[in-house]
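S.K.: Take a look at the following structure, please.
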Amino acid sequence: MKKKRQKSENPFYSGSGFRIFGIGKQEAIKYFFGGNATIAVIVIALIIGFLIKESATFFPQYRDSLDLYRKSGQEFVSFSDEQLTAQKKLPSLVTQARVNEIEERLGAIYRVSSVHSDFKTKVLKNTSSERKAYKRAKSRLESTQANQSSSADEKEEAQDDYEAAREALRITAQKTADSLDYGDLKTRSWATDDKYLTPIRNSIVENLLTGEQTAFLKEIIAEETKLAEEVNQLDFIRNLSKAKDGFSEHLPTFEKFVVGMAEIATQNKAQAINFVTAKKRKDALKAKLEITNNEETKIRTELELKRVLDIEPDYAELNKPFYGSLDKHLELTNRLQKQNREAFTIVPSASEFESKIARKKIKEIKEIENSIDELFTEKRKQIESWNHSKPFTLSEAITGFFFGTKWITNSSWQDIYGLVPLLTGSLAVAIIAVLIAIPFSVGGAIYVNRLSTPTERQIIKPFIEFIEAIPSIVLAFFGVVVLGTVIQEYSQLPWFSWIPGFPVEGRLTILNAGLLLALMSVPTIFTLCEDALNNVPSSYRDASLALGATKLQTVTKVVLPSCASGIIAAVLLGFGRIIGETMVVLLVMGGRIAIPKSFTDPAHSMTGILAQEIGEVDQGSLHWGALFMVGFALFVIALTLNYVSQRVLKKFTKHS
Amino acid sequence: MQDTAQSPNQQDVNSTSNTKPEGKSMIEIDDLSFSYDQGKTNTLRNITLNVPEKQVTSFIGPSGCGKSTLLRCLNRMNDLVETSRITTGQIRIMDQDINAKNVSAIELRKQVGMVFQKYNPFPKSIYDNVAYGLRIQGIKKKAILEEAVEKSLRGAALWDEVKDRLKDSALGLSGGQQQRLCIARTMAVKPKVILMDEPCSALDPIATAKVEELITELRQDFTIVIVTHSMQQASRISDRTAFFYLGELIEYDTTEQIFTNPSIKQTEDYISGRFG
Ligand SMILES: Nc1ncnc2c1ncn2[C@@H]1O[C@H](COP(=O)(O)OP(=O)(O)OP(=O)(O)O)[C@@H](O)[C@H]1O
Ligand SMILES: [Mg+2]
């Protein structure tokens, strides 16, 4: 062994110093960071593995569940049920159209009673102590009057007290009522004619003191009824009502038919489930028998095994009523369709209506007119070709999940897990949000980075970055309380009517959530865009300006083209941020699980459904598995978006 | 820094250097002082100098003496620095005060083009690079653009090398070709003046020779002001030379005079390589 060279002889001496387990400082630092990176990779791999494992058990389970659904005849009934649902929609749309039209035509007077009750709640709230005092004084007065032994003085005092309390109540109530204005209404669109304001106020006070319906209100209600009757007598409204009668004429018979079959199917299903559970129990007992050595347990288990009944139900027999119902079904639906066709011809055209919402409803009816026959034929075909003994395949279960248009849980009928409504909701809101956010964030980044003065920059940038700090629940709250109403009101304005889906009916819509999410994604996109813009060499700008280009030309012709992919990546990442957002979509989007037809519809989302349902499911249940699959789908989407934006960015860095 | 290099006063400069150019003057700089920090300190001080038309004038001087700054004053590229100010004096190009209220920097830069030290073609095709200046002026006719592109590329002695690959990315060219492309791009706008800030400092000797040759030819059509660190280059290509030191103009004369018989000792020291 060579003698270690002395420190003084070694020109490249590495230094003694900090060492643990023979590891030097540099190595320790290296291992520290390497270790961190490894842990991150391992954690992600574990998460992916976990998701895949959970979802792998979901599909076989789902297939079994669907199998029972078919064997028990529920599937068969569901076809008729879909026809029923489609049919039921017609009279309901007609009613909505009529109600909205009446409301529109009655105008100011229609809203008086709403305003009255809204104001009244407010006055009640403000006069609670006076009302209590008044009530007390009143009951004392009554009791003293009723009491024979009370002296005249007592009676007088009670009388004075009563009058004072009454006056106090009257004054406060009047003051509160007079301070109220249409602007204070819970729903501002209720605002009605100014001439009703004073009568409403006075009527409330009067009502408060007497506790009876006031003459004013009675008069208004009578007037309203009279006017509504007049509208009802209008030709086209009468036609509308006739159409409604047509649509609903054969509905009850058909509904009874469907409900009757549904009852049979439910019974079948109960039998099928009993059998499945019994079989499972038997398998478990058999397994126990095999592994146990204890004689006593063996005997007990064998006894129990004998007691478990697992006679497979005779599905062919159970489903007989369904196969036998084909003719009746055809007869009933034919009658429905014939009546429908007649009714459709007398539905008045949308242009006759004054209410925009009524027009929208009429248009919806016309759309149904074009599609309902097709739906009936299609369902009829499915009914005819239905076979209870054809087993569900795994791939059917998988496509059923990814392309299914229904998400029904905790149902007494059959749980169905279809991703499409949730996916479309998530995508729709994200697309809306990104479209709204792009001009603000990309435009803002360009302005701040290239066109603004330093002072402007110092003001704008912190503001935009501050948005990031707003908790999403606060935004959601704002959306529910303020934005929804604002959108609803302003969408009524005539100069917005060109926008598809306007006027907006509900407060909680995709648009509302989209606006908030747009706000949330602005900082993300803005910051990433600014980075992309900063990466553009300043020599490009100099060259362009030196050729006599304006700042704007420089931005559009040189700067933007050379960082386009950076901006696209920024938008994609913003999109990813929105897709993963939960609070806002859960609270503001309305939570309706259906494929949205327009961006002013309510909808549900993948993140929202997870947040809403994950807490209430049993671990390991089918529903639990379905939610896991939704999570998995979300994960895949996020991963894809990230990957695509990385690719885009890479392309961008290669070029510059 | 040399102890002997005291800053000479203005009278000295005026009396010792012949600032009267031969021929018509294109650029007249008159007692110009310039500051990057709102007038707190002057980066350029009391510079007076006339650049004659259709000649090559070079600016020389040690690093940091303000050559680039003065050059960037001539096409108002210093406007981009928010805190920059002209504290005294004025610059006239074609007899117009370029910092007057009614002068547009955009229009000025169309007449006074600039070529930068580090070649900076846009990440576009060769053709689009040269056509850029015309396109932003709203010229869209293909025939006009094609003609201008060819003329400029020929003018920059680049045509034969790139005529078959006009649609290729400009970033695929060699450094020297890219710099000549930048010159062609500037020429396409047909400026009166071309400012060049150390156009050859990033190039190898052969590319440098080509660009120098080009500059000599351009003299026929353009007034050229060039900043350079190479004494040989200044003496080879320029008609007149200005020597700057610490923000002041020390000496300005014909190149021959400056290099053979400088009248100020600082100039002589710098040229002979004794400081800088
Ligand atoms: N944008 C700017 N803001 C503030 N000061 C600047 C700016 N540009 C240059 N300066 C300063 O102005 C002085 C002159 O710089 P300038 O670039 O004009 O020198 P130069 O003579 O071109 O030098 P070089 O030969 O190294 O290019 C230097 O002290 C420099 O630090
Ligand atoms: Mg310089």
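Identifiers in the structure tokens: chain A, B, ... in order shown; residue index from 1 per chain; ligand index from 1 in order shown.
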Using only C-alpha atoms and all ligand atoms, which protein or nucleic acid residues are at most 7 Å from ligand 1, as a ChimeraX atom specification?
M.R.: /B:36-37,43,61-70,81,229
S.K.: Just C-alpha atoms for this one: save the residues we selected as a PDB file, in the first residue's frame.
M.R.:
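Output saved as selection.pdb:
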ATOM      1  CA  TYR B  36     -29.042  57.711 -19.693  1.00  0.00           C
ATOM      2  CA  ASP B  37     -30.255  58.702 -16.250  1.00  0.00           C
ATOM      3  CA  THR B  43     -22.673  59.806 -21.097  1.00  0.00           C
ATOM      4  CA  GLY B  61     -12.324  54.830 -29.159  1.00  0.00           C
ATOM      5  CA  PRO B  62     -11.853  52.662 -26.118  1.00  0.00           C
ATOM      6  CA  SER B  63     -14.683  50.530 -24.798  1.00  0.00           C
ATOM      7  CA  GLY B  64     -17.388  52.447 -22.947  1.00  0.00           C
ATOM      8  CA  CYS B  65     -16.509  55.823 -24.468  1.00  0.00           C
ATOM      9  CA  GLY B  66     -20.021  56.193 -25.955  1.00  0.00           C
ATOM     10  CA  LYS B  67     -19.633  55.265 -29.631  1.00  0.00           C
ATOM     11  CA  SER B  68     -22.677  53.023 -29.662  1.00  0.00           C
ATOM     12  CA  THR B  69     -24.611  55.552 -27.648  1.00  0.00           C
ATOM     13  CA  LEU B  70     -23.924  58.282 -30.197  1.00  0.00           C
ATOM     14  CA  VAL B  81     -34.430  53.614 -22.702  1.00  0.00           C
ATOM     15  CA  HIS B 229     -12.578  48.475 -32.680  1.00  0.00           C
TER      16      HIS B 229
END
S.K.: Please return, as a list of chain:residue names, all residues of chain A lying within 10 Å of chain B when only C-alpha atoms are considered.
M.R.: A:Thr453, A:Pro454, A:Pro537, A:Ser538, A:Ser539, A:Tyr540, A:Arg541, A:Asp542, A:Ala543, A:Ser544, A:Leu545, A:Ala546, A:Leu547, A:Gly548, A:Ala549, A:Thr550, A:Lys551, A:Gln553, A:Thr554, A:Lys557, A:Val558, A:Val559, A:Pro561, A:Ser562, A:His655, A:Ser656
S.K.: Can you measure CA of Glu468 in chain A to CA of Ala45 in chain A for me? One decimal in Å is fine.
M.R.: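 Value for the CA of Glu468 in chain A-CA of Ala45 in chain A distance: 29.5 Å.
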S.K.: Please identify the strand (DSSP E or B) residues within range 134-256 of chain B (assignment by DSSP from backbone atoms) and present them as a list in words.
M.R.: Ser169, Val193, Ile194, Leu195, Met196, Asp197, Thr223, Ile224, Val225, Ile226, Val227, Arg240, Thr241, Ala242, Phe243, Phe244, Tyr245, Glu248, Leu249, Ile250, Glu251, Tyr252, Asp253 and Thr254 of chain B
S.K.: Compare B:Met26, B:Pro199, B:Asp221, B:Ile258 by their minimum atom-to-atom distance to ligand 2, counting only C-alpha atoms and all ligand atoms, and give me the closest one.
M.R.: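 Comparing B:Met26, B:Pro199, B:Asp221, B:Ile258 against ligand 2, the winner is B:Pro199.
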S.K.: Might you pull out every residue within 10 Å of range 379-390 of chain A, with only C-alpha atoms counted and same-chain residues fewer than 2 positions away left off, and present them as JSON, numbers by chain?
M.R.: {"A": [67, 68, 69, 70, 71, 72, 73, 74, 75, 76, 77, 78, 79, 80, 81, 82, 83, 315, 316, 318, 319, 322, 323, 326, 329, 330, 333, 373, 374, 375, 376, 377, 392, 393]}
S.K.: Generate the output file for the selected residues, N, CA, C and O atoms, as a tab-separated table (two decimals), in the first residue's frame.
M.R.:
chain	number	residue	atom	x	y	z
A	67	ASP	N	-75.06	-6.99	-16.26
A	67	ASP	CA	-75.59	-8.29	-16.64
A	67	ASP	C	-76.92	-8.56	-15.92
A	67	ASP	O	-77.90	-9.00	-16.54
A	68	LEU	N	-76.91	-8.26	-14.63
A	68	LEU	CA	-78.14	-8.44	-13.86
A	68	LEU	C	-79.24	-7.51	-14.38
A	68	LEU	O	-80.42	-7.87	-14.43
A	69	TYR	N	-78.81	-6.33	-14.72
A	69	TYR	CA	-79.72	-5.32	-15.26
A	69	TYR	C	-80.44	-5.86	-16.48
A	69	TYR	O	-81.64	-5.68	-16.67
A	70	ARG	N	-79.70	-6.59	-17.27
A	70	ARG	CA	-80.31	-7.15	-18.46
A	70	ARG	C	-81.17	-8.36	-18.14
A	70	ARG	O	-82.33	-8.45	-18.56
A	71	LYS	N	-80.60	-9.25	-17.36
A	71	LYS	CA	-81.32	-10.51	-17.07
A	71	LYS	C	-82.65	-10.24	-16.39
A	71	LYS	O	-83.61	-10.97	-16.59
A	72	SER	N	-82.68	-9.20	-15.56
A	72	SER	CA	-83.91	-8.95	-14.81
A	72	SER	C	-84.95	-8.22	-15.64
A	72	SER	O	-86.08	-8.02	-15.19
A	73	GLY	N	-84.58	-7.82	-16.86
A	73	GLY	CA	-85.54	-7.14	-17.72
A	73	GLY	C	-85.57	-5.63	-17.51
A	73	GLY	O	-86.30	-4.92	-18.19
A	74	GLN	N	-84.77	-5.12	-16.61
A	74	GLN	CA	-84.75	-3.68	-16.39
A	74	GLN	C	-84.32	-2.94	-17.65
A	74	GLN	O	-84.85	-1.88	-17.98
A	75	GLU	N	-83.37	-3.55	-18.32
A	75	GLU	CA	-82.89	-2.91	-19.55
A	75	GLU	C	-84.03	-2.77	-20.55
A	75	GLU	O	-84.22	-1.72	-21.16
A	76	PHE	N	-84.80	-3.83	-20.64
A	76	PHE	CA	-85.94	-3.82	-21.55
A	76	PHE	C	-86.88	-2.66	-21.23
A	76	PHE	O	-87.30	-1.90	-22.09
A	77	VAL	N	-87.18	-2.52	-19.95
A	77	VAL	CA	-88.11	-1.48	-19.54
A	77	VAL	C	-87.51	-0.09	-19.79
A	77	VAL	O	-88.21	0.85	-20.14
A	78	SER	N	-86.19	0.00	-19.64
A	78	SER	CA	-85.56	1.32	-19.78
A	78	SER	C	-85.79	1.92	-21.17
A	78	SER	O	-85.88	3.13	-21.33
A	79	PHE	N	-85.94	1.03	-22.18
A	79	PHE	CA	-86.17	1.56	-23.53
A	79	PHE	C	-87.52	2.28	-23.59
A	79	PHE	O	-87.62	3.40	-24.09
A	80	SER	N	-88.53	1.62	-23.03
A	80	SER	CA	-89.84	2.27	-23.01
A	80	SER	C	-89.80	3.52	-22.15
A	80	SER	O	-90.45	4.52	-22.43
A	81	ASP	N	-89.02	3.42	-21.07
A	81	ASP	CA	-88.94	4.55	-20.15
A	81	ASP	C	-88.35	5.78	-20.85
A	81	ASP	O	-88.76	6.91	-20.60
A	82	GLU	N	-87.38	5.53	-21.72
A	82	GLU	CA	-86.80	6.66	-22.44
A	82	GLU	C	-87.85	7.32	-23.34
A	82	GLU	O	-87.89	8.54	-23.47
A	83	GLN	N	-88.67	6.45	-23.96
A	83	GLN	CA	-89.75	7.01	-24.78
A	83	GLN	C	-90.68	7.85	-23.92
A	83	GLN	O	-91.07	8.95	-24.27
A	315	TYR	N	-84.67	-17.26	-15.56
A	315	TYR	CA	-84.76	-15.93	-16.18
A	315	TYR	C	-85.73	-15.92	-17.36
A	315	TYR	O	-86.43	-14.94	-17.60
A	316	ALA	N	-85.76	-17.02	-18.09
A	316	ALA	CA	-86.66	-17.06	-19.24
A	316	ALA	C	-88.10	-16.87	-18.79
A	316	ALA	O	-88.87	-16.11	-19.39
A	318	LEU	N	-89.00	-15.48	-15.93
A	318	LEU	CA	-89.16	-14.14	-15.37
A	318	LEU	C	-89.39	-13.09	-16.44
A	318	LEU	O	-90.09	-12.10	-16.23
A	319	ASN	N	-88.75	-13.30	-17.58
A	319	ASN	CA	-88.82	-12.28	-18.62
A	319	ASN	C	-89.98	-12.46	-19.58
A	319	ASN	O	-90.16	-11.67	-20.50
A	322	PHE	N	-92.25	-9.58	-20.49
A	322	PHE	CA	-91.68	-8.56	-21.38
A	322	PHE	C	-91.81	-8.97	-22.84
A	322	PHE	O	-92.22	-8.18	-23.69
A	323	TYR	N	-91.42	-10.23	-23.08
A	323	TYR	CA	-91.54	-10.69	-24.47
A	323	TYR	C	-93.00	-10.62	-24.91
A	323	TYR	O	-93.30	-10.40	-26.08
A	326	LEU	N	-94.80	-6.93	-26.32
A	326	LEU	CA	-94.39	-6.22	-27.53
A	326	LEU	C	-95.56	-5.60	-28.29
A	326	LEU	O	-95.50	-4.45	-28.73
A	329	HIS	N	-97.09	-2.65	-26.51
A	329	HIS	CA	-96.18	-1.51	-26.60
A	329	HIS	C	-96.34	-0.79	-27.93
A	329	HIS	O	-96.44	0.44	-28.00
A	330	LEU	N	-96.39	-1.61	-28.99
A	330	LEU	CA	-96.50	-1.02	-30.32
A	330	LEU	C	-97.80	-0.23	-30.44
A	330	LEU	O	-97.82	0.90	-30.93
A	333	THR	N	-97.53	3.07	-28.36
A	333	THR	CA	-96.64	4.10	-28.91
A	333	THR	C	-97.19	4.64	-30.22
A	333	THR	O	-97.06	5.83	-30.51
A	373	ASP	N	-89.82	11.07	-33.44
A	373	ASP	CA	-90.20	9.85	-34.14
A	373	ASP	C	-89.01	8.92	-34.28
A	373	ASP	O	-89.12	7.70	-34.10
A	374	GLU	N	-87.88	9.55	-34.58
A	374	GLU	CA	-86.67	8.75	-34.74
A	374	GLU	C	-86.35	8.01	-33.44
A	374	GLU	O	-86.00	6.84	-33.45
A	375	LEU	N	-86.48	8.75	-32.34
A	375	LEU	CA	-86.20	8.15	-31.04
A	375	LEU	C	-87.12	6.96	-30.80
A	375	LEU	O	-86.69	5.88	-30.40
A	376	PHE	N	-88.41	7.16	-31.10
A	376	PHE	CA	-89.37	6.08	-30.88
A	376	PHE	C	-89.00	4.86	-31.72
A	376	PHE	O	-89.02	3.73	-31.23
A	377	THR	N	-88.67	5.08	-32.98
A	377	THR	CA	-88.33	3.93	-33.84
A	377	THR	C	-87.09	3.23	-33.31
A	377	THR	O	-87.04	1.99	-33.27
A	392	PHE	N	-73.46	-9.46	-21.08
A	392	PHE	CA	-72.66	-8.25	-21.33
A	392	PHE	C	-71.20	-8.63	-21.43
A	392	PHE	O	-70.71	-9.48	-20.69
A	393	THR	N	-70.48	-7.98	-22.32
A	393	THR	CA	-69.05	-8.26	-22.39
A	393	THR	C	-68.30	-7.15	-21.67
A	393	THR	O	-68.84	-6.08	-21.38
S.K.: Which residues come within 7 Å of range 89-99 of chain B, counting only C-alpha atoms, excluding same-chain residues fewer than 3 positions away, as number ranges by chain?
M.R.: B: 26-33, 103
S.K.: Write a file of the just-selected residues containing C-alpha atoms, as an mmCIF file, in the first residue's frame.
M.R.:
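What follows is the written file selection-v7.cif:
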data_model
loop_
_atom_site.group_PDB
_atom_site.id
_atom_site.type_symbol
_atom_site.label_atom_id
_atom_site.label_comp_id
_atom_site.auth_asym_id
_atom_site.auth_seq_id
_atom_site.Cartn_x
_atom_site.Cartn_y
_atom_site.Cartn_z
ATOM 1 C CA MET B 26 -25.712 64.571 -44.116
ATOM 2 C CA ILE B 27 -25.655 64.526 -40.357
ATOM 3 C CA GLU B 28 -24.875 67.534 -38.249
ATOM 4 C CA ILE B 29 -24.316 66.970 -34.578
ATOM 5 C CA ASP B 30 -24.178 70.209 -32.677
ATOM 6 C CA ASP B 31 -22.961 70.445 -29.083
ATOM 7 C CA LEU B 32 -24.749 67.207 -28.171
ATOM 8 C CA SER B 33 -24.841 65.979 -24.567
ATOM 9 C CA VAL B 103 -40.563 64.157 -36.180
#
S.K.: Go through B:Gln179, B:Gln55, B:Thr267, B:Thr228 and flag the residue nearest ligand 2, using only C-alpha atoms and all ligand atoms for the distances.
M.R.: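 Between B:Gln179, B:Gln55, B:Thr267, B:Thr228, the residue approaching ligand 2 most closely is B:Thr228.
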S.K.: CA of Asn642 in chain A to CA of Gly574 in chain A: how many Å, to one decimal?
M.R.: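 Between CA of Asn642 in chain A and CA of Gly574 in chain A the gap works out to 10.2 Å.
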S.K.: Would you kindly return, as a PyMOL selection string, each protein, DNA or RNA residue with an atom no farther than 8 Å from any atom of range 152-165 of chain B, considering only C-alpha atoms and excluding same-chain residues fewer than 6 positions away?
M.R.: chain B and resi 126+130+177+180-181+183-185+187-188+214+218
S.K.: Taking only C-alpha atoms into account, which of B:Ala143, B:Val193, B:Leu203, B:Ile271 comes nearest Pro52 in chain B?
M.R.: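 Smallest distance to Pro52 in chain B is found for B:Val193.
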S.K.: Give me, as a ChimeraX atom specification, all polymer residues having an atom no more than 12 Å from Thr255 in chain B, counting only C-alpha atoms and skipping those fewer than 5 positions away in the same chain.
M.R.: /B:18,21,55-60,231-243,260-262,271
S.K.: Can you pull out every residue within 10 Å of range 597-600 of chain A, counting only C-alpha atoms, but drop anything in the same chain fewer than 2 positions away, and send it as an mmCIF file with N, CA, C and O atoms, in the first residue's frame?
M.R.:
data_model
loop_
_atom_site.group_PDB
_atom_site.id
_atom_site.type_symbol
_atom_site.label_atom_id
_atom_site.label_comp_id
_atom_site.auth_asym_id
_atom_site.auth_seq_id
_atom_site.Cartn_x
_atom_site.Cartn_y
_atom_site.Cartn_z
ATOM 1 N N THR A 424 -68.156 16.219 -20.845
ATOM 2 C CA THR A 424 -68.565 17.378 -21.645
ATOM 3 C C THR A 424 -68.722 18.609 -20.764
ATOM 4 O O THR A 424 -68.363 19.711 -21.161
ATOM 5 N N GLY A 425 -69.244 18.424 -19.554
ATOM 6 C CA GLY A 425 -69.368 19.565 -18.648
ATOM 7 C C GLY A 425 -68.015 20.172 -18.351
ATOM 8 O O GLY A 425 -67.816 21.382 -18.466
ATOM 9 N N ALA A 428 -66.616 21.738 -21.553
ATOM 10 C CA ALA A 428 -67.344 22.938 -21.973
ATOM 11 C C ALA A 428 -66.938 24.131 -21.115
ATOM 12 O O ALA A 428 -66.620 25.210 -21.623
ATOM 13 N N VAL A 429 -66.904 23.917 -19.811
ATOM 14 C CA VAL A 429 -66.588 25.049 -18.941
ATOM 15 C C VAL A 429 -65.134 25.484 -19.145
ATOM 16 O O VAL A 429 -64.820 26.679 -19.158
ATOM 17 N N ILE A 432 -64.945 27.429 -22.513
ATOM 18 C CA ILE A 432 -65.510 28.767 -22.324
ATOM 19 C C ILE A 432 -64.517 29.643 -21.550
ATOM 20 O O ILE A 432 -64.210 30.776 -21.937
ATOM 21 N N ILE A 487 -75.615 37.987 -14.612
ATOM 22 C CA ILE A 487 -75.680 37.410 -15.961
ATOM 23 C C ILE A 487 -77.132 37.225 -16.374
ATOM 24 O O ILE A 487 -77.538 37.592 -17.478
ATOM 25 N N GLN A 488 -77.909 36.691 -15.446
ATOM 26 C CA GLN A 488 -79.303 36.412 -15.750
ATOM 27 C C GLN A 488 -80.022 37.693 -16.174
ATOM 28 O O GLN A 488 -80.747 37.718 -17.166
ATOM 29 N N PRO A 500 -76.028 32.839 -28.736
ATOM 30 C CA PRO A 500 -76.807 31.610 -28.600
ATOM 31 C C PRO A 500 -76.974 31.252 -27.122
ATOM 32 O O PRO A 500 -76.057 31.411 -26.331
ATOM 33 N N GLY A 501 -78.165 30.813 -26.778
ATOM 34 C CA GLY A 501 -78.407 30.417 -25.392
ATOM 35 C C GLY A 501 -78.916 31.557 -24.538
ATOM 36 O O GLY A 501 -79.324 31.348 -23.412
ATOM 37 N N PHE A 502 -78.872 32.791 -25.060
ATOM 38 C CA PHE A 502 -79.413 33.905 -24.293
ATOM 39 C C PHE A 502 -80.897 34.053 -24.599
ATOM 40 O O PHE A 502 -81.310 33.722 -25.698
ATOM 41 N N PRO A 503 -81.751 34.548 -23.749
ATOM 42 C CA PRO A 503 -81.473 34.919 -22.372
ATOM 43 C C PRO A 503 -81.229 33.710 -21.476
ATOM 44 O O PRO A 503 -81.779 32.637 -21.719
ATOM 45 N N VAL A 504 -80.419 33.914 -20.448
ATOM 46 C CA VAL A 504 -80.061 32.823 -19.556
ATOM 47 C C VAL A 504 -81.184 32.598 -18.555
ATOM 48 O O VAL A 504 -81.724 33.541 -17.996
ATOM 49 N N GLU A 505 -81.535 31.321 -18.363
ATOM 50 C CA GLU A 505 -82.649 31.037 -17.471
ATOM 51 C C GLU A 505 -82.242 30.923 -16.020
ATOM 52 O O GLU A 505 -82.825 31.539 -15.149
ATOM 53 N N GLY A 506 -81.224 30.102 -15.745
ATOM 54 C CA GLY A 506 -80.848 29.889 -14.348
ATOM 55 C C GLY A 506 -79.664 30.752 -13.955
ATOM 56 O O GLY A 506 -79.017 31.366 -14.797
ATOM 57 N N ARG A 507 -79.395 30.781 -12.664
ATOM 58 C CA ARG A 507 -78.237 31.553 -12.214
ATOM 59 C C ARG A 507 -76.972 30.713 -12.287
ATOM 60 O O ARG A 507 -75.896 31.219 -12.534
ATOM 61 N N LEU A 508 -77.125 29.407 -12.023
ATOM 62 C CA LEU A 508 -75.955 28.546 -11.989
ATOM 63 C C LEU A 508 -75.788 27.875 -13.347
ATOM 64 O O LEU A 508 -76.533 26.967 -13.692
ATOM 65 N N THR A 509 -74.857 28.337 -14.126
ATOM 66 C CA THR A 509 -74.680 27.839 -15.483
ATOM 67 C C THR A 509 -73.205 27.646 -15.800
ATOM 68 O O THR A 509 -72.332 28.065 -15.042
ATOM 69 N N ILE A 510 -72.978 27.010 -16.939
ATOM 70 C CA ILE A 510 -71.612 26.842 -17.405
ATOM 71 C C ILE A 510 -70.966 28.210 -17.616
ATOM 72 O O ILE A 510 -69.801 28.430 -17.287
ATOM 73 N N LEU A 511 -71.749 29.136 -18.153
ATOM 74 C CA LEU A 511 -71.201 30.462 -18.442
ATOM 75 C C LEU A 511 -70.718 31.140 -17.161
ATOM 76 O O LEU A 511 -69.621 31.703 -17.120
ATOM 77 N N ASN A 512 -71.527 31.059 -16.137
ATOM 78 C CA ASN A 512 -71.168 31.673 -14.864
ATOM 79 C C ASN A 512 -69.857 31.086 -14.343
ATOM 80 O O ASN A 512 -68.898 31.815 -14.034
ATOM 81 N N GLY A 514 -67.719 29.446 -16.049
ATOM 82 C CA GLY A 514 -66.660 29.722 -17.021
ATOM 83 C C GLY A 514 -66.031 31.086 -16.815
ATOM 84 O O GLY A 514 -64.816 31.245 -16.905
ATOM 85 N N MET A 589 -71.795 25.630 -11.124
ATOM 86 C CA MET A 589 -72.222 25.151 -12.439
ATOM 87 C C MET A 589 -73.611 24.511 -12.417
ATOM 88 O O MET A 589 -74.129 24.114 -13.438
ATOM 89 N N ALA A 594 -76.173 16.086 -17.075
ATOM 90 C CA ALA A 594 -76.709 15.828 -18.410
ATOM 91 C C ALA A 594 -75.778 16.523 -19.388
ATOM 92 O O ALA A 594 -75.100 17.483 -19.018
ATOM 93 N N ILE A 595 -75.752 16.020 -20.602
ATOM 94 C CA ILE A 595 -74.898 16.652 -21.598
ATOM 95 C C ILE A 595 -75.447 18.047 -21.875
ATOM 96 O O ILE A 595 -76.594 18.183 -22.281
ATOM 97 N N PRO A 602 -77.052 24.473 -17.081
ATOM 98 C CA PRO A 602 -76.261 23.960 -15.960
ATOM 99 C C PRO A 602 -75.619 22.634 -16.361
ATOM 100 O O PRO A 602 -76.081 21.990 -17.301
ATOM 101 N N ALA A 603 -74.574 22.256 -15.673
ATOM 102 C CA ALA A 603 -73.903 21.002 -15.986
ATOM 103 C C ALA A 603 -73.139 20.539 -14.754
ATOM 104 O O ALA A 603 -73.049 21.258 -13.774
#
S.K.: Using the chain letters and numbers from this document, which residues of range 11-196 of chain B does DSSP assign to helix (DSSP H, G or I), as a ChimeraX atom specification?
M.R.: /B:11-16,67-74,77-80,105-111,126-135,142-155,159-162,170-172,175-188
S.K.: Please measure the separation of CA of Glu167 in chain A and CA of Asn207 in chain A, giving the value in Å to one decimal.
M.R.: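 Result for CA of Glu167 in chain A versus CA of Asn207 in chain A: 14.2 Å, one decimal.
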